[in-house]
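Just below is one structure, and these are the notes that go with it.
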Amino acid sequence: MSEARTRTVEIAGPPRYDVRLGAGAERHLAEHARPGRRVLLVTQPGRNEVAEAASEVLAGSGARVVRAEVPDAEAAKTAEVLTGLWGLLGREGFTRDDLVVGVGGGATTDLAGFVAATWLRGVEVVLLPTSLLGVVDAAVGGKTGINTAEGKNLVGAFHPPRAVLCDPAWLGSMSRADYVSGLAEVIKCGFVTDPVILDLLQAAPARAADPAADPELAVELVARAVQVKADVVSTDLREAGLREVLNYGHTFAHAIEQVEDYRWRHGDAVAVGMVYVAEVAHRAGLIDTDLLERHRAVLASVGLPTAYPGGAQRWTELRAAMARDKKSRGSTLRLVVLEGLARPTRLEGPDEATLRAAHAAVSQAGSAAGAVP
Ligand SMILES: NC(=O)c1ccc[n+]([C@@H]2O[C@H](COP(=O)([O-])OP(=O)(O)OC[C@H]3O[C@@H](n4cnc5c(N)ncnc54)[C@H](O)[C@@H]3O)[C@@H](O)[C@H]2O)c1
Ligand SMILES: O=C(O)C(=O)C[C@@H](O)[C@H](O)[C@H](O)COP(=O)(O)O
Ligand SMILES: [Zn+2]
């Protein structure tokens, strides 16, 4: 693997930790294992190769590995699955000295992080993201949690990992649809902070959508997105203010995910959510038509959806779900919007007519391809 595919991004913290990208990244697990240390390895179906490699490193350092395979994707982020893991930790006698390791996409690492955050009020966790979305976003920054019937990520904790380890080769087995879904979070980083990401993507969208076509570009995009997240979470871990920018597009996205009963990929929903909030910002006089249309252009160029079809009935459901967004205060909806490229701000209590008009705009124009096949 060339130098261009090996990177370390430091999360300055507090707490400080590294996101290590490179071939054989799992070997760094040895730094977190010791004889007799119990390790709960939480993984998702299909990740056997990475889980096995991780187990070997841990066992090779004398750790006692207990493996738990949880359901795939959002089906893992439930109270029932979490309760099952607590039971396992209890039966295996996990103490505060022990460790949780998460291996999989963002759903698995969110769950693994939350079980670590809650067991004995907090044990250490190391995350091995195997999806693009996982490595650029979910595994980094310490947000952990599960969904409830009422909405996405409604129960969780801030619990940063001790390390994030990813071999970019792991992403090679992802389906194109899952990989492209992860690009939505990369594009989000481009709009809120680092427009070079948008330039890179728009210069070579076909190569950006296929890590095998240009592995160096893939790692460059990953490293840039992780750097955006590193800078933000090092300043504001608990989302007192600045961190909200990482939620760009998510108010509408989480509403789509809930209304669709989690059949939409998270990144696909974020793509439509960014177009939605750009429509709101445009109507509020904050961004011009060029920046609005750049959202549609860059997202569509890699095959992400830019529309969510639905009439008035759908809007009622979506609006109710949006009210439960964590950025709301009382009955006031707060949206992260742009007032220019890489100039995020908040729009507090936007008027209902604007919200509805933006919904009409994303209901009609663009392509809708978000549902998981
Ligand atoms: N904690 C955070 O800060 C944060 C940030 C962004 C997203 N998230 C959460 O992350 C989740 C979305 O992440 P995701 O898309 O990675 O979720 P996911 O775990 O559902 O993975 C998506 C699909 O990709 C598959 N997959 C993963 N790695 C693979 C590989 N190497 N090869 C083949 N298939 C692979 C999974 O099995 C799954 O079917 C959502 O729950 C979202 O809320 C959390
Ligand atoms: O790290 C953050 O902060 C984010 O908002 C990143 C988002 O991409 C991610 O989907 C996050 O899980 C959403 O958080 P939530 O607080 O809105 O549930
Ligand atoms: Zn997200």
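By order of appearance in the structure tokens: chains A, B, ..., then residues from 1 within every chain, and ligands from 1 in the order shown.
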- If we count only C-alpha atoms, what is near A:Glu279 at a cut-off of 9 Å, once residues fewer than 6 positions away on the same chain are taken out, given as a list of chain:residue names? A:Ile287, A:Leu292, A:Thr354, A:Leu355, A:Ala357, A:Ala358, A:His359, A:Ala361, A:Val362
If you keep C-alpha atoms, can you produce a file of those selected residues as a PDB file, in the first residue's frame?
ATOM      1  CA  ILE A 287     -28.014  31.304  -0.330  1.00  0.00           C
ATOM      2  CA  LEU A 292     -28.697  25.591  -4.083  1.00  0.00           C
ATOM      3  CA  THR A 354     -41.122  28.045   3.983  1.00  0.00           C
ATOM      4  CA  LEU A 355     -40.747  24.557   5.440  1.00  0.00           C
ATOM      5  CA  ALA A 357     -42.559  24.995   0.217  1.00  0.00           C
ATOM      6  CA  ALA A 358     -39.130  23.366   0.590  1.00  0.00           C
ATOM      7  CA  HIS A 359     -40.871  20.016   1.039  1.00  0.00           C
ATOM      8  CA  ALA A 361     -39.578  21.409  -3.958  1.00  0.00           C
ATOM      9  CA  VAL A 362     -37.851  18.177  -2.894  1.00  0.00           C
TER      10      VAL A 362
END
- Task: Mind checking which residues fall within 8 Å of A:Leu111, counting only C-alpha atoms, ignoring those fewer than 5 positions away in the same chain, and posting them as a PyMOL selection string?
- Result: chain A and resi 76-77+82+144-146
Could the residues in this selection be saved with C-alpha atoms as a PDB file, in the first residue's frame?
ATOM      1  CA  ALA A  76     -28.987  -3.559  15.555  1.00  0.00           C
ATOM      2  CA  LYS A  77     -29.845  -0.170  17.058  1.00  0.00           C
ATOM      3  CA  LEU A  82     -28.675  -3.648  23.649  1.00  0.00           C
ATOM      4  CA  THR A 144     -23.266   6.553  20.311  1.00  0.00           C
ATOM      5  CA  GLY A 145     -26.851   5.397  20.522  1.00  0.00           C
ATOM      6  CA  ILE A 146     -29.919   3.491  19.436  1.00  0.00           C
TER       7      ILE A 146
END
- Item | stretch 6-15 of chain A surroundings by only C-alpha atoms, 7 Å radius, close-in-sequence under 6 positions cut, as a PyMOL selection string | chain A and resi 21-22+227+230+234
Let's have the selection written as a CSV table (one decimal), in the first residue's frame, with N, CA and C atoms.
chain,number,residue,atom,x,y,z
A,21,LEU,N,-5.7,5.0,9.4
A,21,LEU,CA,-6.1,4.4,8.1
A,21,LEU,C,-4.9,3.7,7.5
A,22,GLY,N,-5.0,2.5,7.1
A,22,GLY,CA,-3.9,1.8,6.4
A,22,GLY,C,-4.0,0.3,6.4
A,227,GLN,N,-10.8,14.8,9.0
A,227,GLN,CA,-10.2,16.0,9.5
A,227,GLN,C,-11.3,17.0,9.9
A,230,ALA,N,-12.7,15.8,13.0
A,230,ALA,CA,-11.7,16.0,14.1
A,230,ALA,C,-11.7,17.4,14.6
A,234,SER,N,-13.2,18.2,18.4
A,234,SER,CA,-12.2,18.5,19.4
A,234,SER,C,-12.5,19.9,20.1
- Could you give me, as a PyMOL selection string, every polymer residue with an atom at most 8 Å away from an atom of ligand 2, counting only C-alpha atoms and all ligand atoms? chain A and resi 137-138+140-145+152-154+185+229+233+239+243-248+250-251+254+266+325-327
Atoms kept (C-alpha atoms) for selection, written as a tab-separated table (two decimals), in the first residue's frame:
chain	number	residue	atom	x	y	z
A	137	ASP	CA	-18.39	9.78	10.42
A	138	ALA	CA	-20.07	7.22	12.69
A	140	VAL	CA	-15.38	9.18	14.94
A	141	GLY	CA	-16.45	11.75	17.51
A	142	GLY	CA	-18.08	9.78	20.28
A	143	LYS	CA	-21.79	9.95	19.45
A	144	THR	CA	-23.27	6.55	20.31
A	145	GLY	CA	-26.85	5.40	20.52
A	152	LYS	CA	-33.66	8.08	15.21
A	153	ASN	CA	-30.84	8.06	17.80
A	154	LEU	CA	-33.20	9.26	20.53
A	185	GLU	CA	-21.55	12.51	4.69
A	229	LYS	CA	-14.95	15.92	12.07
A	233	VAL	CA	-15.44	17.43	17.86
A	239	GLU	CA	-22.70	19.59	20.79
A	243	ARG	CA	-20.86	20.49	16.55
A	244	GLU	CA	-24.37	21.10	15.25
A	245	VAL	CA	-22.83	21.85	11.84
A	246	LEU	CA	-22.16	18.10	11.45
A	247	ASN	CA	-25.94	17.70	11.57
A	248	TYR	CA	-26.36	19.58	8.27
A	250	HIS	CA	-30.10	15.64	9.26
A	251	THR	CA	-33.36	17.20	10.51
A	254	HIS	CA	-33.87	11.54	10.23
A	266	HIS	CA	-28.85	6.98	6.26
A	325	ASP	CA	-34.87	16.58	16.26
A	326	LYS	CA	-32.28	17.03	19.02
A	327	LYS	CA	-31.53	20.57	17.90
- Task: Name each residue within 7 Å of ligand 1, counting only C-alpha atoms and all ligand atoms, as a PyMOL selection string.
- Result: chain A and resi 44-47+72-74+104-108+110+130-134+137-144+153+170-175+178+181-182+265-267
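Compared by their closest atoms to ligand 3, and using only C-alpha atoms and all ligand atoms, the residues A:Met274, A:Val164, A:Leu318, A:Leu128 rank with A:Met274 nearest.
The residue that comes closest to A:Gly60, out of A:Gly340, A:Pro35, A:Pro215, A:Gly84 and on the basis of only C-alpha atoms, is A:Pro35.
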Spatial neighbours of A:Thr316, max dist 12 Å, only C-alpha atoms, sep filter under 6 positions, as a PDB file with C-alpha atoms, in the first residue's frame:
ATOM      1  CA  ALA A 255     -37.548  12.285   9.537  1.00  0.00           C
ATOM      2  CA  ILE A 256     -37.346  10.373   6.234  1.00  0.00           C
ATOM      3  CA  VAL A 259     -41.248   7.663   8.255  1.00  0.00           C
ATOM      4  CA  GLY A 310     -44.733  12.540  -1.196  1.00  0.00           C
ATOM      5  CA  MET A 322     -38.687  16.843  12.508  1.00  0.00           C
ATOM      6  CA  ALA A 323     -40.034  18.331  15.743  1.00  0.00           C
ATOM      7  CA  GLU A 352     -44.116  26.929   8.322  1.00  0.00           C
ATOM      8  CA  LEU A 355     -40.747  24.557   5.440  1.00  0.00           C
ATOM      9  CA  ARG A 356     -43.715  23.322   3.449  1.00  0.00           C
ATOM     10  CA  HIS A 359     -40.871  20.016   1.039  1.00  0.00           C
TER      11      HIS A 359
END
- Message: For the helix (DSSP H, G or I) assignment from backbone DSSP, which residues of stretch 2-122 of chain A qualify? Please present them as a PyMOL selection string.
- Response: chain A and resi 3-5+25-32+48-60+73-76+79-91+106-121
Would you mind writing down, as a tab-separated table (two decimals) with N, CA and C atoms, in the first residue's frame, each residue of stretch 149-296 of chain A that DSSP on the backbone assigns to strand (DSSP E)?
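Now in result26.tsv:
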chain	number	residue	atom	x	y	z
A	151	GLY	N	-38.23	7.71	17.05
A	151	GLY	CA	-37.28	8.40	16.20
A	151	GLY	C	-35.86	7.88	16.28
A	152	LYS	N	-35.04	8.50	15.45
A	152	LYS	CA	-33.66	8.08	15.21
A	152	LYS	C	-32.72	8.57	16.33
A	153	ASN	N	-31.88	7.69	16.82
A	153	ASN	CA	-30.84	8.06	17.80
A	153	ASN	C	-31.40	8.81	19.01
A	154	LEU	N	-32.61	8.46	19.44
A	154	LEU	CA	-33.20	9.26	20.53
A	154	LEU	C	-32.60	8.92	21.89
A	155	VAL	N	-31.93	7.76	21.98
A	155	VAL	CA	-31.28	7.39	23.24
A	155	VAL	C	-29.80	7.16	22.95
A	156	GLY	N	-28.95	7.83	23.70
A	156	GLY	CA	-27.52	7.65	23.44
A	156	GLY	C	-26.66	8.38	24.44
A	157	ALA	N	-25.37	8.39	24.16
A	157	ALA	CA	-24.42	9.04	25.06
A	157	ALA	C	-23.22	9.49	24.24
A	158	PHE	N	-22.51	10.50	24.75
A	158	PHE	CA	-21.23	10.87	24.16
A	158	PHE	C	-20.17	10.01	24.83
A	163	ALA	N	-9.60	4.48	20.08
A	163	ALA	CA	-8.93	4.50	18.77
A	163	ALA	C	-9.94	4.10	17.71
A	164	VAL	N	-9.70	4.56	16.48
A	164	VAL	CA	-10.50	4.14	15.33
A	164	VAL	C	-9.52	3.59	14.31
A	165	LEU	N	-9.72	2.34	13.91
A	165	LEU	CA	-8.78	1.65	13.03
A	165	LEU	C	-9.49	1.18	11.78
A	166	CYS	N	-8.96	1.53	10.61
A	166	CYS	CA	-9.63	1.10	9.37
A	166	CYS	C	-8.60	0.84	8.27
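Between A:Leu242 and the candidates A:Val336, A:Ala206, A:Val39, A:Leu89, the tightest atom-to-atom separation, counting only C-alpha atoms, involves A:Val336.
Put simply, atom CA of A:Ala284 is 18.7 Å away from atom CA of A:Ser328.
The closest residue to A:Arg176, picked from A:Val50, A:Leu221, A:Val302, A:Ala33 and counting only C-alpha atoms, is A:Val302.
With only C-alpha atoms taken into account, the protein and nucleic acid residues at most 9 Å from A:Leu286 (excluding it and anything under 6 positions from it in its own chain) are A:Val280, A:Val337, A:Leu338, A:Glu339, A:Gly340.
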